[in-house]
$ cat data-v2.txt   # compact mmCIF, C-alpha atoms and all ligand atoms
# COMPACT_ATOMS: atom_id res chain seq x y z
CA MET A 1 3.65 -10.11 7.52
CA SER A 2 5.19 -8.46 10.50
CA GLY A 3 7.22 -11.27 12.04
CA PHE A 4 8.68 -14.68 11.35
CA THR A 5 5.27 -16.31 11.43
CA SER A 6 6.28 -19.12 9.12
CA PHE A 7 9.35 -20.01 11.18
CA THR A 8 8.29 -21.55 14.47
CA TYR A 9 9.67 -23.87 17.13
CA GLN A 10 8.02 -27.26 17.41
CA HIS A 11 9.26 -29.37 20.32
CA GLY A 12 12.35 -27.20 20.62
CA GLN A 13 13.29 -27.41 16.93
CA LEU A 14 12.94 -24.62 14.40
CA TYR A 15 10.73 -25.31 11.41
CA ALA A 16 10.08 -23.49 8.16
CA GLU A 17 6.34 -24.05 7.75
CA ALA A 18 6.14 -27.82 8.39
CA ALA A 19 9.68 -28.64 7.24
CA SER A 20 12.44 -29.23 9.77
CA LEU A 21 15.50 -27.03 9.32
CA VAL A 22 17.64 -29.87 10.68
CA ASP A 23 16.46 -32.02 7.77
CA ILE A 24 16.96 -29.19 5.27
CA ALA A 25 20.56 -28.73 6.45
CA LYS A 26 21.11 -32.49 6.14
CA GLU A 27 19.70 -32.63 2.62
CA PHE A 28 21.05 -29.42 1.08
CA GLY A 29 24.03 -28.50 3.26
CA THR A 30 24.92 -25.12 4.72
CA PRO A 31 25.07 -22.19 4.29
CA CYS A 32 21.64 -22.27 2.73
CA TYR A 33 18.90 -19.70 2.27
CA VAL A 34 15.45 -21.01 3.20
CA TYR A 35 12.23 -19.25 2.15
CA SER A 36 8.62 -19.86 3.07
CA ARG A 37 6.24 -19.93 0.14
CA ALA A 38 3.19 -19.34 2.33
CA ALA A 39 4.77 -16.29 3.96
CA LEU A 40 5.55 -14.73 0.59
CA ILE A 41 2.03 -15.32 -0.69
CA ALA A 42 0.59 -13.86 2.52
CA ALA A 43 2.75 -10.74 2.25
CA TYR A 44 1.79 -10.18 -1.39
CA GLN A 45 -1.88 -10.65 -0.63
CA GLU A 46 -1.70 -8.26 2.31
CA PHE A 47 -0.44 -5.56 -0.05
CA ASP A 48 -2.97 -6.40 -2.71
CA ARG A 49 -5.98 -6.43 -0.39
CA ALA A 50 -4.99 -3.21 1.34
CA PHE A 51 -5.56 -1.24 -1.88
CA ALA A 52 -9.23 -2.31 -1.77
CA ASP A 53 -10.80 -0.91 -4.93
CA HIS A 54 -8.15 1.68 -5.75
CA ASP A 55 -6.59 0.84 -9.12
CA HIS A 56 -3.05 -0.33 -8.36
CA LEU A 57 -0.05 -2.36 -9.44
CA ILE A 58 2.46 -3.89 -7.04
CA CYS A 59 5.85 -3.88 -8.76
CA TYR A 60 8.11 -6.13 -6.71
CA ALA A 61 11.65 -4.68 -6.51
CA VAL A 62 13.59 -7.54 -8.08
CA LYS A 63 16.89 -6.45 -6.54
CA ALA A 64 15.69 -7.61 -3.11
CA ASN A 65 15.75 -11.23 -4.24
CA SER A 66 15.86 -12.22 -7.88
CA ASN A 67 15.60 -16.01 -7.73
CA LEU A 68 13.51 -17.23 -10.69
CA ALA A 69 11.24 -19.33 -8.48
CA ILE A 70 10.39 -16.32 -6.36
CA LEU A 71 9.77 -14.11 -9.40
CA ASN A 72 7.61 -16.83 -10.93
CA MET A 73 5.51 -17.16 -7.78
CA LEU A 74 4.93 -13.43 -7.69
CA ALA A 75 4.12 -13.34 -11.40
CA ARG A 76 1.51 -16.03 -10.83
CA LEU A 77 -0.04 -13.91 -8.10
CA GLY A 78 -0.38 -11.07 -10.61
CA SER A 79 2.58 -9.00 -9.44
CA GLY A 80 4.40 -6.48 -11.56
CA PHE A 81 8.14 -5.88 -11.26
CA ASP A 82 10.54 -3.02 -10.69
CA ILE A 83 13.83 -3.75 -12.45
CA VAL A 84 17.14 -1.90 -12.52
CA SER A 85 19.13 -3.75 -15.17
CA GLY A 86 18.97 -5.77 -18.36
CA GLY A 87 19.81 -8.81 -16.25
CA GLU A 88 16.77 -8.29 -14.06
CA LEU A 89 14.63 -7.79 -17.19
CA LEU A 90 15.76 -11.14 -18.52
CA ARG A 91 15.08 -12.83 -15.20
CA VAL A 92 11.54 -11.46 -15.01
CA LEU A 93 10.74 -12.50 -18.58
CA LYS A 94 12.26 -15.92 -18.02
CA ALA A 95 10.21 -16.33 -14.84
CA GLY A 96 6.99 -15.64 -16.76
CA GLY A 97 6.52 -12.02 -15.70
CA ASP A 98 4.27 -9.85 -17.86
CA PRO A 99 6.38 -7.17 -19.62
CA ARG A 100 3.41 -4.80 -19.47
CA LYS A 101 3.76 -4.87 -15.69
CA ILE A 102 7.46 -3.95 -15.60
CA VAL A 103 8.82 -0.57 -14.58
CA PHE A 104 12.49 0.13 -15.20
CA SER A 105 14.23 2.24 -12.53
CA GLY A 106 17.86 3.25 -12.13
CA VAL A 107 20.13 6.25 -12.69
CA GLY A 108 22.38 4.65 -15.28
CA LYS A 109 20.41 2.52 -17.74
CA ASN A 110 22.66 1.78 -20.70
CA GLN A 111 21.63 1.69 -24.34
CA ASP A 112 21.49 -2.11 -24.61
CA GLU A 113 19.29 -2.30 -21.55
CA MET A 114 16.95 0.38 -22.89
CA ARG A 115 16.74 -1.38 -26.27
CA ALA A 116 15.90 -4.69 -24.63
CA ALA A 117 13.20 -3.07 -22.51
CA LEU A 118 11.73 -1.26 -25.52
CA ALA A 119 11.70 -4.52 -27.47
CA ALA A 120 9.99 -6.32 -24.57
CA GLY A 121 7.28 -3.63 -24.38
CA ILE A 122 7.55 -2.70 -20.70
CA LEU A 123 4.99 -0.59 -18.86
CA CYS A 124 7.25 2.33 -18.08
CA PHE A 125 10.77 3.73 -17.92
CA ASN A 126 11.35 5.64 -14.69
CA VAL A 127 13.64 8.29 -16.13
CA GLU A 128 16.09 9.97 -13.77
CA SER A 129 17.68 12.74 -15.84
CA GLU A 130 17.16 14.96 -18.86
CA MET A 131 20.07 13.30 -20.65
CA GLU A 132 18.53 9.87 -20.13
CA LEU A 133 15.27 11.18 -21.61
CA LEU A 134 17.10 12.39 -24.73
CA SER A 135 18.86 9.05 -25.11
CA LEU A 136 15.64 7.11 -24.69
CA ASN A 137 13.82 9.28 -27.22
CA GLN A 138 16.60 8.71 -29.74
CA LEU A 139 16.70 4.95 -29.23
CA ALA A 140 12.93 4.64 -29.45
CA LYS A 141 13.03 6.62 -32.68
CA GLU A 142 15.63 4.27 -34.13
CA MET A 143 13.46 1.32 -33.16
CA ASN A 144 10.32 3.00 -34.44
CA LYS A 145 8.72 2.80 -31.00
CA VAL A 146 7.32 5.18 -28.45
CA ALA A 147 8.77 4.80 -24.95
CA PRO A 148 6.32 5.10 -22.05
CA VAL A 149 7.94 7.35 -19.48
CA SER A 150 7.57 8.49 -15.93
CA LEU A 151 9.97 11.00 -14.42
CA ARG A 152 11.53 10.02 -11.13
CA VAL A 153 11.35 13.17 -9.11
CA ASN A 154 13.39 13.70 -5.98
CA PRO A 155 10.94 15.07 -3.40
CA ASP A 156 13.69 16.11 -0.93
CA VAL A 157 12.28 14.21 2.02
CA ASP A 158 14.31 12.82 4.89
CA ALA A 159 13.59 9.09 5.07
CA LYS A 160 15.34 8.87 8.47
CA THR A 161 17.04 5.62 7.57
CA HIS A 162 20.65 4.45 7.09
CA PRO A 163 22.45 7.06 4.95
CA TYR A 164 23.53 4.42 2.38
CA ILE A 165 19.90 3.53 1.62
CA SER A 166 18.35 6.99 1.84
CA THR A 167 17.62 8.24 -1.67
CA GLY A 168 15.10 11.08 -1.54
CA LEU A 169 17.23 13.96 -0.26
CA LYS A 170 18.24 16.64 -2.72
CA GLU A 171 21.94 15.83 -2.19
CA ASN A 172 21.39 12.20 -3.29
CA LYS A 173 22.20 11.10 -6.86
CA PHE A 174 18.65 9.95 -7.53
CA GLY A 175 15.86 11.56 -9.51
CA ILE A 176 15.15 14.91 -11.04
CA PRO A 177 15.02 17.88 -8.63
CA MET A 178 11.49 19.02 -7.82
CA THR A 179 12.35 22.49 -9.12
CA GLU A 180 13.24 21.06 -12.55
CA ALA A 181 10.37 18.62 -12.86
CA GLU A 182 7.76 20.85 -14.51
CA ARG A 183 10.22 22.14 -17.10
CA ILE A 184 11.41 18.64 -18.02
CA TYR A 185 7.85 17.32 -18.19
CA ALA A 186 6.98 20.14 -20.61
CA ALA A 187 10.09 19.34 -22.67
CA ALA A 188 9.29 15.62 -22.68
CA HIS A 189 5.84 16.41 -23.99
CA GLU A 190 7.44 17.79 -27.13
CA PHE A 191 9.55 14.69 -27.80
CA THR A 192 8.24 12.54 -30.61
CA HIS A 193 9.21 9.11 -29.28
CA VAL A 194 8.45 9.25 -25.59
CA HIS A 195 5.00 9.29 -24.10
CA ILE A 196 4.53 10.62 -20.58
CA THR A 197 2.45 8.20 -18.57
CA GLY A 198 3.46 8.65 -14.95
CA LEU A 199 5.15 10.34 -12.08
CA ASP A 200 7.55 8.49 -9.79
CA CYS A 201 9.56 8.77 -6.58
CA HIS A 202 11.41 6.49 -4.17
CA ILE A 203 12.80 8.01 -1.00
CA GLY A 204 14.76 5.18 0.58
CA SER A 205 14.64 1.78 2.16
CA GLN A 206 13.89 0.31 5.60
CA LEU A 207 11.67 3.23 6.61
CA THR A 208 10.01 2.58 9.94
CA ALA A 209 7.71 5.60 10.04
CA ILE A 210 4.82 6.52 7.78
CA ASP A 211 5.29 10.31 7.80
CA PRO A 212 8.13 10.54 5.23
CA PHE A 213 6.07 8.45 2.76
CA ILE A 214 3.11 10.78 3.17
CA GLU A 215 5.26 13.87 2.94
CA ALA A 216 6.72 12.56 -0.33
CA SER A 217 3.32 11.50 -1.63
CA ASN A 218 1.83 14.94 -0.90
CA LYS A 219 4.68 16.67 -2.71
CA MET A 220 4.22 14.38 -5.70
CA LEU A 221 0.47 14.96 -5.72
CA ASN A 222 1.03 18.68 -5.66
CA LEU A 223 3.21 18.32 -8.73
CA LEU A 224 0.72 15.96 -10.35
CA ASP A 225 -2.10 18.50 -9.91
CA HIS A 226 0.08 21.21 -11.45
CA LEU A 227 0.96 19.04 -14.44
CA GLU A 228 -2.64 18.07 -15.03
CA LYS A 229 -3.68 21.74 -14.92
CA GLN A 230 -1.18 22.35 -17.70
CA GLY A 231 -2.94 19.72 -19.78
CA LEU A 232 -0.55 16.82 -19.20
CA HIS A 233 -2.36 13.59 -18.56
CA ILE A 234 -0.71 11.48 -15.85
CA GLU A 235 -1.98 7.90 -15.77
CA HIS A 236 -0.12 6.56 -12.79
CA LEU A 237 1.63 7.66 -9.64
CA ASP A 238 4.53 5.41 -8.62
CA LEU A 239 5.38 5.93 -4.95
CA GLY A 240 8.39 3.58 -4.89
CA GLY A 241 9.28 1.04 -2.23
CA GLY A 242 10.91 1.41 1.14
CA LEU A 243 8.58 0.04 3.80
CA GLY A 244 10.74 -1.32 6.61
CA ILE A 245 10.50 -4.65 8.40
CA ARG A 246 11.18 -5.77 11.93
CA TYR A 247 14.73 -7.08 12.31
CA SER A 248 14.92 -6.46 16.03
CA GLN A 249 13.14 -3.78 18.03
CA GLU A 250 11.83 -1.72 15.09
CA SER A 251 8.09 -1.24 14.84
CA PRO A 252 7.39 -0.33 11.22
CA PRO A 253 3.82 0.34 10.12
CA SER A 254 1.92 -2.72 8.95
CA ILE A 255 1.56 -3.25 5.20
CA LYS A 256 -2.14 -2.46 5.55
CA ASP A 257 -1.58 0.81 7.43
CA TYR A 258 1.09 1.89 4.98
CA VAL A 259 -1.01 1.19 1.89
CA THR A 260 -4.12 2.72 3.45
CA ALA A 261 -2.19 5.90 4.27
CA LEU A 262 -0.93 6.11 0.67
CA CYS A 263 -4.45 5.60 -0.69
CA ASN A 264 -5.81 8.26 1.65
CA SER A 265 -3.22 10.78 0.51
CA VAL A 266 -4.14 10.12 -3.12
CA GLY A 267 -7.80 10.60 -2.18
CA GLN A 268 -10.32 10.81 -5.00
CA ARG A 269 -7.75 11.17 -7.75
CA LYS A 270 -8.18 8.53 -10.39
CA GLN A 271 -4.53 7.75 -11.15
CA ARG A 272 -3.45 4.18 -10.77
CA ILE A 273 -1.08 3.80 -7.80
CA LEU A 274 2.13 1.84 -8.30
CA ILE A 275 4.43 0.78 -5.48
CA GLU A 276 7.79 -0.98 -5.62
CA PRO A 277 8.16 -2.99 -2.41
CA GLY A 278 11.14 -5.29 -2.06
CA ARG A 279 12.13 -5.89 1.56
CA SER A 280 8.61 -5.76 2.99
CA LEU A 281 7.52 -8.54 0.61
CA ILE A 282 10.40 -10.94 0.96
CA GLY A 283 12.57 -9.89 3.93
CA ASN A 284 10.89 -11.81 6.71
CA THR A 285 10.00 -14.79 4.53
CA GLY A 286 13.60 -16.03 4.43
CA LEU A 287 16.44 -17.05 6.72
CA LEU A 288 20.03 -18.10 6.30
CA LEU A 289 20.86 -21.48 7.73
CA THR A 290 24.43 -21.88 8.92
CA ARG A 291 26.49 -24.33 10.95
CA VAL A 292 29.02 -23.68 13.71
CA GLU A 293 32.46 -24.76 12.52
CA TYR A 294 34.53 -23.85 15.56
CA LEU A 295 34.24 -22.18 18.93
CA LYS A 296 37.11 -20.07 20.11
CA HIS A 297 37.24 -18.81 23.65
CA ALA A 298 39.78 -15.99 23.77
CA PRO A 299 40.46 -14.15 27.05
CA HIS A 300 38.22 -11.18 26.21
CA ARG A 301 35.79 -12.60 23.70
CA ASN A 302 34.10 -15.79 22.60
CA PHE A 303 33.93 -16.43 18.88
CA ALA A 304 31.54 -18.74 17.10
CA ILE A 305 32.98 -19.30 13.65
CA VAL A 306 30.15 -20.32 11.35
CA ASP A 307 30.15 -21.46 7.73
CA ALA A 308 28.23 -18.39 6.45
CA ALA A 309 30.22 -15.23 5.89
CA MET A 310 30.01 -11.66 4.65
CA ASN A 311 30.01 -12.94 1.08
CA ASP A 312 26.75 -14.80 1.83
CA LEU A 313 25.10 -12.04 3.87
CA MET A 314 26.71 -8.68 3.40
CA ARG A 315 24.29 -6.53 5.37
CA PRO A 316 26.03 -6.70 8.77
CA ALA A 317 29.43 -5.81 7.27
CA LEU A 318 28.07 -3.11 4.97
CA TYR A 319 25.44 -1.37 7.10
CA ASP A 320 26.22 -2.72 10.56
CA ALA A 321 22.78 -4.31 10.14
CA TYR A 322 21.27 -6.47 12.87
CA HIS A 323 19.86 -9.92 12.08
CA GLU A 324 18.45 -12.05 14.85
CA ILE A 325 20.34 -15.35 15.27
CA LEU A 326 18.36 -18.30 16.62
CA PRO A 327 19.48 -21.80 17.55
CA VAL A 328 17.83 -24.36 15.27
CA VAL A 329 17.69 -26.82 18.16
CA LYS A 330 17.06 -25.29 21.56
CA LYS A 331 19.02 -26.88 24.36
CA PRO A 332 19.24 -26.38 28.08
CA GLY A 333 22.37 -25.04 29.72
CA ASP A 334 24.26 -21.82 30.15
CA VAL A 335 24.61 -19.27 27.40
CA ASN A 336 27.79 -17.46 26.50
CA THR A 337 28.16 -14.12 24.74
CA TYR A 338 29.45 -14.84 21.25
CA GLN A 339 30.76 -12.91 18.31
CA VAL A 340 29.22 -14.85 15.45
CA VAL A 341 31.70 -14.55 12.61
CA GLY A 342 32.42 -16.09 9.21
CA PRO A 343 35.59 -17.65 7.76
CA VAL A 344 36.45 -14.64 5.54
CA CYS A 345 39.73 -12.88 6.24
CA GLU A 346 38.36 -9.52 7.37
CA THR A 347 37.41 -8.20 10.79
CA GLY A 348 34.28 -6.81 9.13
CA ASP A 349 33.21 -10.37 8.42
CA PHE A 350 30.63 -10.86 11.13
CA ILE A 351 27.04 -12.03 11.19
CA GLY A 352 26.23 -10.79 14.67
CA HIS A 353 27.95 -9.28 17.68
CA ASP A 354 27.42 -10.11 21.36
CA ARG A 355 24.81 -12.83 20.91
CA LYS A 356 23.78 -14.88 23.90
CA LEU A 357 23.85 -18.48 22.76
CA ASN A 358 24.55 -21.93 24.11
CA LEU A 359 26.71 -23.48 21.41
CA THR A 360 28.68 -26.58 20.60
CA LYS A 361 30.55 -27.46 17.42
CA GLU A 362 28.26 -28.35 14.46
CA ASP A 363 25.19 -26.65 15.93
CA LEU A 364 22.86 -25.11 13.38
CA LEU A 365 21.91 -21.45 13.56
CA ALA A 366 19.22 -19.53 11.71
CA VAL A 367 20.00 -15.97 10.71
CA MET A 368 16.57 -14.40 10.51
CA SER A 369 15.02 -11.77 8.21
CA ALA A 370 17.47 -12.65 5.46
CA GLY A 371 15.02 -12.98 2.55
CA ALA A 372 15.76 -9.52 1.17
CA TYR A 373 19.19 -8.29 0.08
CA GLY A 374 20.75 -11.51 1.32
CA MET A 375 21.35 -13.84 -1.60
CA SER A 376 20.96 -11.00 -4.11
CA MET A 377 23.94 -9.13 -2.62
CA SER A 378 26.09 -12.20 -2.10
CA SER A 379 29.45 -12.52 -3.81
CA ASN A 380 32.26 -14.97 -4.40
CA TYR A 381 34.77 -13.16 -2.21
CA ASN A 382 37.47 -15.54 -0.97
CA THR A 383 36.42 -17.83 -3.86
CA ARG A 384 33.48 -19.02 -1.85
CA PRO A 385 30.72 -20.60 -3.93
CA ARG A 386 27.36 -18.96 -3.32
CA ALA A 387 24.86 -20.66 -1.02
CA ALA A 388 22.04 -22.97 -2.03
CA GLU A 389 18.46 -21.65 -1.93
CA VAL A 390 15.48 -23.69 -0.81
CA MET A 391 11.78 -22.86 -0.96
CA VAL A 392 9.58 -24.59 1.58
CA ASP A 393 5.98 -25.39 0.75
CA GLY A 394 4.22 -27.09 3.65
CA ASP A 395 6.41 -30.02 4.63
CA THR A 396 8.31 -30.10 1.33
CA ALA A 397 11.60 -28.34 0.70
CA HIS A 398 12.37 -27.57 -2.95
CA LEU A 399 15.85 -26.66 -4.10
CA ILE A 400 15.42 -23.44 -6.11
CA ARG A 401 19.11 -22.77 -6.65
CA ALA A 402 21.85 -25.33 -6.32
CA ARG A 403 24.95 -24.42 -4.37
CA GLU A 404 27.56 -23.07 -6.75
CA THR A 405 30.59 -25.21 -7.45
CA ILE A 406 34.17 -23.99 -7.47
CA GLU A 407 34.46 -25.24 -11.07
CA GLN A 408 31.61 -22.89 -12.06
CA LEU A 409 33.38 -20.01 -10.38
CA ILE A 410 36.58 -20.35 -12.35
CA ALA A 411 35.12 -21.68 -15.62
CA SER A 412 35.32 -18.39 -17.53
CA GLU A 413 38.83 -17.45 -16.42
CA LYS A 414 41.83 -17.95 -18.65
CA ILE A 415 45.53 -18.40 -18.00
CA LEU A 416 47.67 -16.57 -20.58
CA ASP A 417 50.29 -18.37 -22.68
N1 LIG A 501 12.44 1.09 -5.90
C1 LIG A 501 13.67 1.62 -6.10
C2 LIG A 501 13.85 2.58 -7.17
C3 LIG A 501 14.73 1.24 -5.27
O1 LIG A 501 15.93 1.77 -5.47
C4 LIG A 501 14.51 0.28 -4.24
C5 LIG A 501 15.61 -0.14 -3.36
C6 LIG A 501 13.22 -0.26 -4.08
C7 LIG A 501 12.21 0.18 -4.92
C8 LIG A 501 12.90 -1.29 -3.04
O2 LIG A 501 13.07 -0.82 -1.76
P1 LIG A 501 12.58 -1.71 -0.51
O3 LIG A 501 11.07 -1.83 -0.56
O4 LIG A 501 13.23 -3.02 -0.62
O5 LIG A 501 13.05 -0.93 0.66
N2 LIG A 501 20.79 -3.29 0.13
C9 LIG A 501 20.06 -2.48 1.07
C10 LIG A 501 18.79 -1.92 0.49
C11 LIG A 501 19.00 -1.14 -0.78
C12 LIG A 501 17.73 -0.65 -1.39
C13 LIG A 501 17.97 -0.10 -2.74
N3 LIG A 501 16.79 0.33 -3.43
C14 LIG A 501 19.83 -3.30 2.35
O6 LIG A 501 20.26 -4.44 2.41
O7 LIG A 501 19.26 -2.78 3.29

$ encode --input "data-v2.txt" --output "structure tokens"
Amino acid sequence: MSGFTSFTYQHGQLYAEAASLVDIAKEFGTPCYVYSRAALIAAYQEFDRAFADHDHLICYAVKANSNLAILNMLARLGSGFDIVSGGELLRVLKAGGDPRKIVFSGVGKNQDEMRAALAAGILCFNVESEMELLSLNQLAKEMNKVAPVSLRVNPDVDAKTHPYISTGLKENKFGIPMTEAERIYAAAHEFTHVHITGLDCHIGSQLTAIDPFIEASNKMLNLLDHLEKQGLHIEHLDLGGGLGIRYSQESPPSIKDYVTALCNSVGQRKQRILIEPGRSLIGNTGLLLTRVEYLKHAPHRNFAIVDAAMNDLMRPALYDAYHEILPVVKKPGDVNTYQVVGPVCETGDFIGHDRKLNLTKEDLLAVMSAGAYGMSMSSNYNTRPRAAEVMVDGDTAHLIRARETIEQLIASEKILD
């Protein structure tokens, strides 16, 4: 899945698979996230096939998009899951995910979350510090269980991506330093209620080159060989997520090339390979549908004020991220250069800068590549109910999350006497 193959123009109108986005906006309102079922299946299968006969498990990074319908679809395809909270654990279990295919990442797992994951019988805890290991051992002991563990090691590799989403440099908060890894593995081996099963890393997100992945993989394999020589048996190597997608001019490696390169670096070793893709599975399978509320032609700039805002799609405000913005209905006539902005009271509330569009009030726009870290990072800022989510399957659009109501937003608040 390298482009928006499931979103195409037919007679000048944008479709999701065979469903008209004009009709979807009419039925479900805007702003609305729209996903293509076929595109998600295709992306998953591209990953799966690329491993050929190397033993593997794809653990979808739930944080990218945690809608139950999406998790359920992936579970049905055989996917595993990478979770980072008790909430995500509950979602995966509720969506029919197999607990024995769940890995639990994150620097700050709390005791309740660890207990819940131990009770569920997950595949592995990706442990990020010595203190966490001690805590986990203690909790497992109390529960009369043995926790399967992998240490997340920080390979100190420059992912060459946005600094906020780069995680594998030694100055980042993530993982155990390479220099400490052997000592902590040896210590973990002595613990009575943890069982070492794997080795793990994740160097960052939206990587558009293959080299940093291979550099990290080689460092991890070097460590793996050392550990095995010392008699530690490592069952799996988890190489994290991070494969980038095309938002604009980027040319990330294809899923197939990326997986093949990982498999080649692992070579003849027998360890099962785990990966934790989020964005590359779901990013280009979704868009955000929005409607133009007002046009404002100021002396120096033209503004298109749309009904989606930074609370719906935070990526532009937070990372200065680019998302392509397409008209849902193409029309002839001159284009203007617009600042596409939302109704939220912040200058940082923009969806796109300097976009060449021909717009009139009430036009529909599609904000592309919004399947990953769109809905999952949305908020209720400005007391804005979160958007609806729709999954298209052929010519049918299914509502997979109803638009929030304002009553729901304030239901748990309380005025004091
Ligand atoms: N595994 C771990 C341990 C992670 O922390 C992440 C993402 C992934 C896997 C999945 O990475 P992916 O394949 O999606 O690149 N909100 C940011 C992205 C933050 C990524 C955080 N960790 C954005 O909108 O670009």

$ residues_around --input "data-v2.txt" --residues "His162 in chain A" --least-positions-apart "5" --cutoff "9 Å" --atoms "only C-alpha atoms" --output "PDB file with C-alpha atoms, keeping the file's coordinate frame"
ATOM      1  CA  GLY A 204      14.760   5.180   0.580  1.00  0.00           C
ATOM      2  CA  SER A 205      14.640   1.780   2.160  1.00  0.00           C
ATOM      3  CA  GLN A 206      13.890   0.310   5.600  1.00  0.00           C
ATOM      4  CA  TYR A 319      25.440  -1.370   7.100  1.00  0.00           C
TER       5      TYR A 319
END

$ residues_near_ligand --input "data-v2.txt" --ligand "ligand LIG 501 (chain A)" --cutoff "7 Å" --atoms "all atoms listed in the file" --output "PyMOL selection string"
chain A and resi 61+64+82+105-106+165+202+204-206+240-244+276-280+315+372-373

$ closest_residue --input "data-v2.txt" --among "A:Ala388, A:His54, A:Gly168, A:Lys331" --to "His236 in chain A" --atoms "all atoms listed in the file"
A:His54

$ closest_residue --input "data-v2.txt" --among "A:Glu235, A:Ile41, A:Thr337, A:Lys63" --to "Ala75 in chain A" --atoms "all atoms listed in the file"
A:Ile41

$ atom_distance --input "data-v2.txt" --atom1 "CA of Ala308 in chain A" --atom2 "CA of Thr383 in chain A"
13.2 Å

$ residues_around --input "data-v2.txt" --residues "Ser376 in chain A" --least-positions-apart "4" --cutoff "10 Å" --atoms "all atoms listed in the file" --output "PyMOL selection string"
chain A and resi 62-67+312-314+371-372

$ residues_around --input "data-v2.txt" --residues "Gly108 in chain A" --least-positions-apart "6" --cutoff "10 Å" --atoms "only C-alpha atoms" --output "PDB file with C-alpha atoms, in the coordinates of the input"
ATOM      1  CA  VAL A  84      17.140  -1.900 -12.520  1.00  0.00           C
ATOM      2  CA  SER A  85      19.130  -3.750 -15.170  1.00  0.00           C
ATOM      3  CA  VAL A 127      13.640   8.290 -16.130  1.00  0.00           C
ATOM      4  CA  GLU A 128      16.090   9.970 -13.770  1.00  0.00           C
ATOM      5  CA  SER A 129      17.680  12.740 -15.840  1.00  0.00           C
ATOM      6  CA  GLU A 132      18.530   9.870 -20.130  1.00  0.00           C
TER       7      GLU A 132
END

$ residues_near_point --input "data-v2.txt" --point "(12.2, 10.9, -26.2)" --cutoff "6 Å" --atoms "all atoms listed in the file" --output "number ranges by chain"
A: 133-134, 136-137, 191, 193-194

$ residues_near_point --input "data-v2.txt" --point "(5.6, 4.3, -22.4)" --cutoff "8 Å" --atoms "only C-alpha atoms" --output "list in words"
Ile122, Leu123, Cys124, Phe125, Val146, Ala147, Pro148, Val149, Ser150, Val194, His195, Ile196 and Thr197 of chain A

$ build_atoms --input "data-v2.txt" --residues "range 360-373 of chain A" --atoms "N, CA and C atoms" --output "mmCIF file, keeping the file's coordinate frame"
data_model
loop_
_atom_site.group_PDB
_atom_site.id
_atom_site.type_symbol
_atom_site.label_atom_id
_atom_site.label_comp_id
_atom_site.auth_asym_id
_atom_site.auth_seq_id
_atom_site.Cartn_x
_atom_site.Cartn_y
_atom_site.Cartn_z
ATOM 1 N N THR A 360 27.614 -25.587 20.734
ATOM 2 C CA THR A 360 28.680 -26.580 20.600
ATOM 3 C C THR A 360 28.980 -26.717 19.110
ATOM 4 N N LYS A 361 30.140 -27.274 18.814
ATOM 5 C CA LYS A 361 30.550 -27.460 17.420
ATOM 6 C C LYS A 361 29.442 -28.182 16.644
ATOM 7 N N GLU A 362 29.238 -27.732 15.384
ATOM 8 C CA GLU A 362 28.260 -28.350 14.460
ATOM 9 C C GLU A 362 26.821 -27.956 14.730
ATOM 10 N N ASP A 363 26.573 -27.123 15.731
ATOM 11 C CA ASP A 363 25.190 -26.650 15.930
ATOM 12 C C ASP A 363 24.733 -25.860 14.718
ATOM 13 N N LEU A 364 23.428 -25.900 14.477
ATOM 14 C CA LEU A 364 22.860 -25.110 13.380
ATOM 15 C C LEU A 364 22.286 -23.814 13.937
ATOM 16 N N LEU A 365 22.490 -22.735 13.185
ATOM 17 C CA LEU A 365 21.910 -21.450 13.560
ATOM 18 C C LEU A 365 21.088 -20.915 12.397
ATOM 19 N N ALA A 366 20.044 -20.163 12.739
ATOM 20 C CA ALA A 366 19.220 -19.530 11.710
ATOM 21 C C ALA A 366 19.393 -18.024 11.825
ATOM 22 N N VAL A 367 19.861 -17.421 10.749
ATOM 23 C CA VAL A 367 20.000 -15.970 10.710
ATOM 24 C C VAL A 367 18.719 -15.432 10.090
ATOM 25 N N MET A 368 17.938 -14.737 10.911
ATOM 26 C CA MET A 368 16.570 -14.400 10.510
ATOM 27 C C MET A 368 16.501 -13.157 9.611
ATOM 28 N N SER A 369 15.319 -12.968 9.030
ATOM 29 C CA SER A 369 15.020 -11.770 8.210
ATOM 30 C C SER A 369 16.019 -11.606 7.073
ATOM 31 N N ALA A 370 16.415 -12.711 6.467
ATOM 32 C CA ALA A 370 17.470 -12.650 5.460
ATOM 33 C C ALA A 370 16.941 -12.839 4.038
ATOM 34 N N GLY A 371 15.609 -12.750 3.874
ATOM 35 C CA GLY A 371 15.020 -12.980 2.550
ATOM 36 C C GLY A 371 15.334 -11.873 1.558
ATOM 37 N N ALA A 372 15.512 -10.655 2.072
ATOM 38 C CA ALA A 372 15.760 -9.520 1.170
ATOM 39 C C ALA A 372 17.201 -9.062 1.277
ATOM 40 N N TYR A 373 17.820 -8.791 0.144
ATOM 41 C CA TYR A 373 19.190 -8.290 0.080
ATOM 42 C C TYR A 373 20.184 -9.224 0.773
#
